[in-house]
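Single-structure report; data block below.
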Amino acid sequence: MPVESGNSTAARQVKQKRKSHSLSIRRTNSTEQDRPGMQRDLLEGQDSKLPMALRSNLLDLFGQIEREFENLYIENLELRREIDSLNDRLAGEGQTVDGGDLSKGALKTKASHSTSQLSQKLKTTYKASTSKIVSSFKATTSRAVCQLVKEYVGHRDGIWDLAVTRVQPLVLGTASADHCSMLWSIETGKCLLKYAGHAGSVNSIKFHPTEQMALTASGDQTAHIWRYMVQLPLPQPPADTSASLDDDVDFSDKDEADGEADGPSECPTIRVPTTTLKSHQGVVIAADWLVGGKQVVTASWDRAANLYDVETSELVHALTGHDQELTHCCTHPTQRLVVTSSRDTTFRLWDFRDPSIHSVNVFQGHTDTVTSAVFTVGDNVVSGSDDRTVKVWDLKNMRSPIATIRTDSAVNRISVSANQRIIALPHDNRQVRLFDMSGVRLARLPRSNRQGHRRMVCCSAWNEENQACNLFTCGFDRQAIGWNINIPALLQEK
């Protein structure tokens with residue numbers, strides 16, 4: 001029976017160990033390939049206080065690091081296979097090389113060179129990736145700060161629209177499906193006045209530019225103009241609500257009780273309007289004052305918009321041309337321009353600057369219902385649609401939008417800040433997002449079980465005069481919310 005020499009036995013044992021080690025490495029590699037998706041799913045499923053944009057950025061950076069390490073790992077496997085093949089070649093040529101001699105000569109030189117390359121690549125990748133992560137953290141320090149300031153609760157049905165008065169005293173107005181419109185103290189959240197003159201849902205509210213007058217549009221096929229006089233209450237210290245909040249209560253299940261329990265009990269009520277505008281044959285969905293406040297425009301489901309004289313209540317012009325129901329109307333703050341939006345996927349620009357010529361331009365930039373189109377202080381129009389996009393247009397050249405914002409949910413009545421030129425987007429999915437005029441996302445308003453809207457957000461409105469509470473939103477959860485939005489100047493320049 002032949003007896004193997006000690007050197008050949010040792011070489012065979014070393015070879016078997018290396019093969020088993022190579023097999024274990026291959027198995028580890030197969031499990032490592034499945035790990036990034038598992039880690040990403042695990043991180044996305046965790047409840048983190050980091051913003052979604054920051055978390056997504058971190059996940060992408062870590063994914064890049066992991067892919068670089070995978071490439072280096074594959075190169076390491078190839079080097080190990082080359083070492084094994086060289087070892088087999090030496091053994092086939094009859095050279096007796098024991099385990100200690102494998103680390104000498106040419107193999108040692110090649111292995112040390114590959115090791116130095118590997119370490120250098122690891123250092124380079126680590127420095128580049130960490131620098132990206134640090135820079136991303138630095139960028140987040142200039143993000144917008146959005147804080148909930150006040151909730152306005154008292155309506156018994158969803159709130160379709162809201163606006164802030166343009167003259168002192170500054171109050172918040174809301175229009176609700178409960179057939180009422182309410183005026184609120186911005187600081188205290190108390191209802192100051194209720195208008196109950198409509199026989200249908202109140203779909204819109206706008207305030208006169210210079211007088212204490214309100215314009216409301218309703219499902220009863222009319223628009224009402226009514227005067228108001230309110231006295232602001234003295235600010236009250238915040239009450240301790242810790243004893244009345246139950247940590248185990250889901251606030252999304254309290255909607256039915258909110259309307260009954262929190263209704264204003266001592267709120268003065270107006271039931272008779274100063275002026276009634278009635279020429280429509282369908283629901284009046286929106287209304288607005290033209291510059292100067294002597295005329296108003298109304299938009300209806302009868303596919304027409306009407307221009308009225310406020311003093312005489314007479315119909316001046318009937319603006320026809322839309323193929324389907326109108327959804328919104330808006331007037332320019334300084335010029336006699338009107339924009340109407342419709343379910344026919346278009347919005348129209350009506351020019352009344354020349355009394356003898358009334359021109360109209362039709363814009364087809366969306367693929368679904370245009371829910372609103374509004375003017376900015378400059379020469380821009382911003383339109384939002386159920387096709388989940390918002391587009392910014394230049395009045396001087398409206399052949400194509402200058403910016404397009406794509407979202408994940410239908411967009412309702414948008415608003416643009418006059419001072420900061422920030423677009424507030426209320427969504428069907430209960431979110432409110434902020435973008436600049438170039439389409440760059442600035443922030444998303446916080447929403448959780450204890451703050452934010454719990455139903456569809458219908459409208460947003462900016463308040464340029466109050467820095468403590470400068471944005472308002474309303475939704476079908478029967479409440480309006482006041483927010484403090486702080487956008488750093490550096491972020492706006494970007």
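Following the order of the structure tokens, chains are lettered A, B, ..., residues in each are numbered from 1, and ligands are numbered from 1.
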> What's the 9 Å shell around region 290-303 of chain A, counting only C-alpha atoms, without same-chain residues fewer than 4 positions away, as a PyMOL selection string?
Replying inline: chain A and resi 208-211+215+217+221+223+280-286+307-311+316+319-338+340-342
>> So that I can see what lies close to region 344-351 of chain A, please list as a list in words the residues with an atom at most 6 Å from it, counting only C-alpha atoms and leaving out residues fewer than 4 positions away in the same chain.
In response: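 So, after excluding close chain neighbours, the residues are Asp323, Gln324, Leu337, Val338, Val339, Thr340, His358, Ser359, Val360, Asn361, Val362, Phe363, Gln364, His366, Thr367, Asp368, Thr369 and Val370 of chain A.
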With N, CA, C and O atoms kept, could you save the residues just selected as a short mmCIF file (atom, residue, chain, number, x, y, z; two decimals), in the first residue's frame?
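Final output, selection05.cif:
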```cif
data_model
loop_
_atom_site.label_atom_id
_atom_site.label_comp_id
_atom_site.auth_asym_id
_atom_site.auth_seq_id
_atom_site.Cartn_x
_atom_site.Cartn_y
_atom_site.Cartn_z
N ASP A 323 -66.47 73.31 -21.97
CA ASP A 323 -67.28 72.16 -22.39
C ASP A 323 -67.88 71.40 -21.22
O ASP A 323 -68.82 70.62 -21.42
N GLN A 324 -67.34 71.58 -20.02
CA GLN A 324 -67.86 70.88 -18.86
C GLN A 324 -67.93 71.84 -17.67
O GLN A 324 -67.64 73.03 -17.80
N LEU A 337 -57.96 90.84 -15.02
CA LEU A 337 -57.80 89.53 -15.65
C LEU A 337 -58.50 88.48 -14.80
O LEU A 337 -58.47 88.55 -13.56
N VAL A 338 -59.12 87.53 -15.46
CA VAL A 338 -59.83 86.44 -14.79
C VAL A 338 -59.37 85.13 -15.41
O VAL A 338 -59.22 85.02 -16.63
N VAL A 339 -59.14 84.13 -14.56
CA VAL A 339 -58.82 82.79 -15.05
C VAL A 339 -59.85 81.82 -14.48
O VAL A 339 -60.17 81.86 -13.29
N THR A 340 -60.42 80.99 -15.36
CA THR A 340 -61.41 80.00 -14.95
C THR A 340 -60.88 78.61 -15.30
O THR A 340 -60.25 78.41 -16.34
N HIS A 358 -62.95 92.08 -25.19
CA HIS A 358 -62.83 91.08 -24.14
C HIS A 358 -62.26 89.81 -24.76
O HIS A 358 -63.00 89.01 -25.36
N SER A 359 -60.97 89.64 -24.67
CA SER A 359 -60.31 88.49 -25.29
C SER A 359 -60.27 87.31 -24.33
O SER A 359 -60.38 87.48 -23.10
N VAL A 360 -60.14 86.12 -24.91
CA VAL A 360 -60.06 84.89 -24.12
C VAL A 360 -59.03 83.98 -24.76
O VAL A 360 -58.94 83.87 -25.99
N ASN A 361 -58.24 83.34 -23.92
CA ASN A 361 -57.24 82.37 -24.37
C ASN A 361 -57.49 81.05 -23.66
O ASN A 361 -57.73 81.03 -22.44
N VAL A 362 -57.41 79.97 -24.41
CA VAL A 362 -57.65 78.63 -23.88
C VAL A 362 -56.31 77.90 -23.77
O VAL A 362 -55.51 77.90 -24.71
N PHE A 363 -56.09 77.26 -22.61
CA PHE A 363 -54.83 76.57 -22.37
C PHE A 363 -55.11 75.11 -22.02
O PHE A 363 -55.89 74.82 -21.11
N GLN A 364 -54.49 74.24 -22.79
CA GLN A 364 -54.68 72.80 -22.64
C GLN A 364 -53.37 72.18 -22.17
O GLN A 364 -52.62 71.61 -22.95
N HIS A 366 -53.25 70.12 -19.20
CA HIS A 366 -53.48 69.00 -18.28
C HIS A 366 -54.27 67.90 -18.97
O HIS A 366 -54.89 68.12 -20.03
N THR A 367 -54.25 66.72 -18.37
CA THR A 367 -54.95 65.56 -18.92
C THR A 367 -56.17 65.17 -18.09
O THR A 367 -56.81 64.18 -18.41
N ASP A 368 -56.47 65.91 -17.05
CA ASP A 368 -57.63 65.63 -16.22
C ASP A 368 -58.19 66.96 -15.72
O ASP A 368 -57.71 68.03 -16.11
N THR A 369 -59.20 66.89 -14.87
CA THR A 369 -59.86 68.10 -14.36
C THR A 369 -58.86 69.10 -13.81
O THR A 369 -57.98 68.75 -13.01
N VAL A 370 -58.96 70.36 -14.24
CA VAL A 370 -58.16 71.44 -13.66
C VAL A 370 -58.91 71.94 -12.43
O VAL A 370 -59.97 72.55 -12.55
#
```
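Those residues that approach Arg399 (chain A) to within 10 Å, counting only C-alpha atoms, are Phe363, Gln364, Gly365, Trp393, Asp394, Leu395, Lys396 and Ile402 of chain A; same-chain residues fewer than 3 positions away are not listed.
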>> Counting only C-alpha atoms, which residue out of A:Gly63, A:Gly189, A:Gly219, A:Gly173 sits closest to Leu234 (chain A)?
In response: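 Of A:Gly63, A:Gly189, A:Gly219, A:Gly173, the one nearest Leu234 (chain A) is A:Gly189, counting only C-alpha atoms.
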> Taking the backbone alone, and naming residues the way the document does, which bits of region 267-448 of chain A are strand (DSSP E) by DSSP, as a PyMOL selection string?
Replying inline: chain A and resi 269-270+275-277+284-289+295-300+304-309+315-320+326-331+337-342+347-354+357-363+370-375+380-385+389-394+403-406+415-416+422-426+432-436+441-444
> In Å, with one decimal, what is the gap from CA of Ser201 (chain A) to CA of Ser176 (chain A)?
Replying inline: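 Pair CA of Ser201 (chain A) / CA of Ser176 (chain A) returns 6.3 Å.
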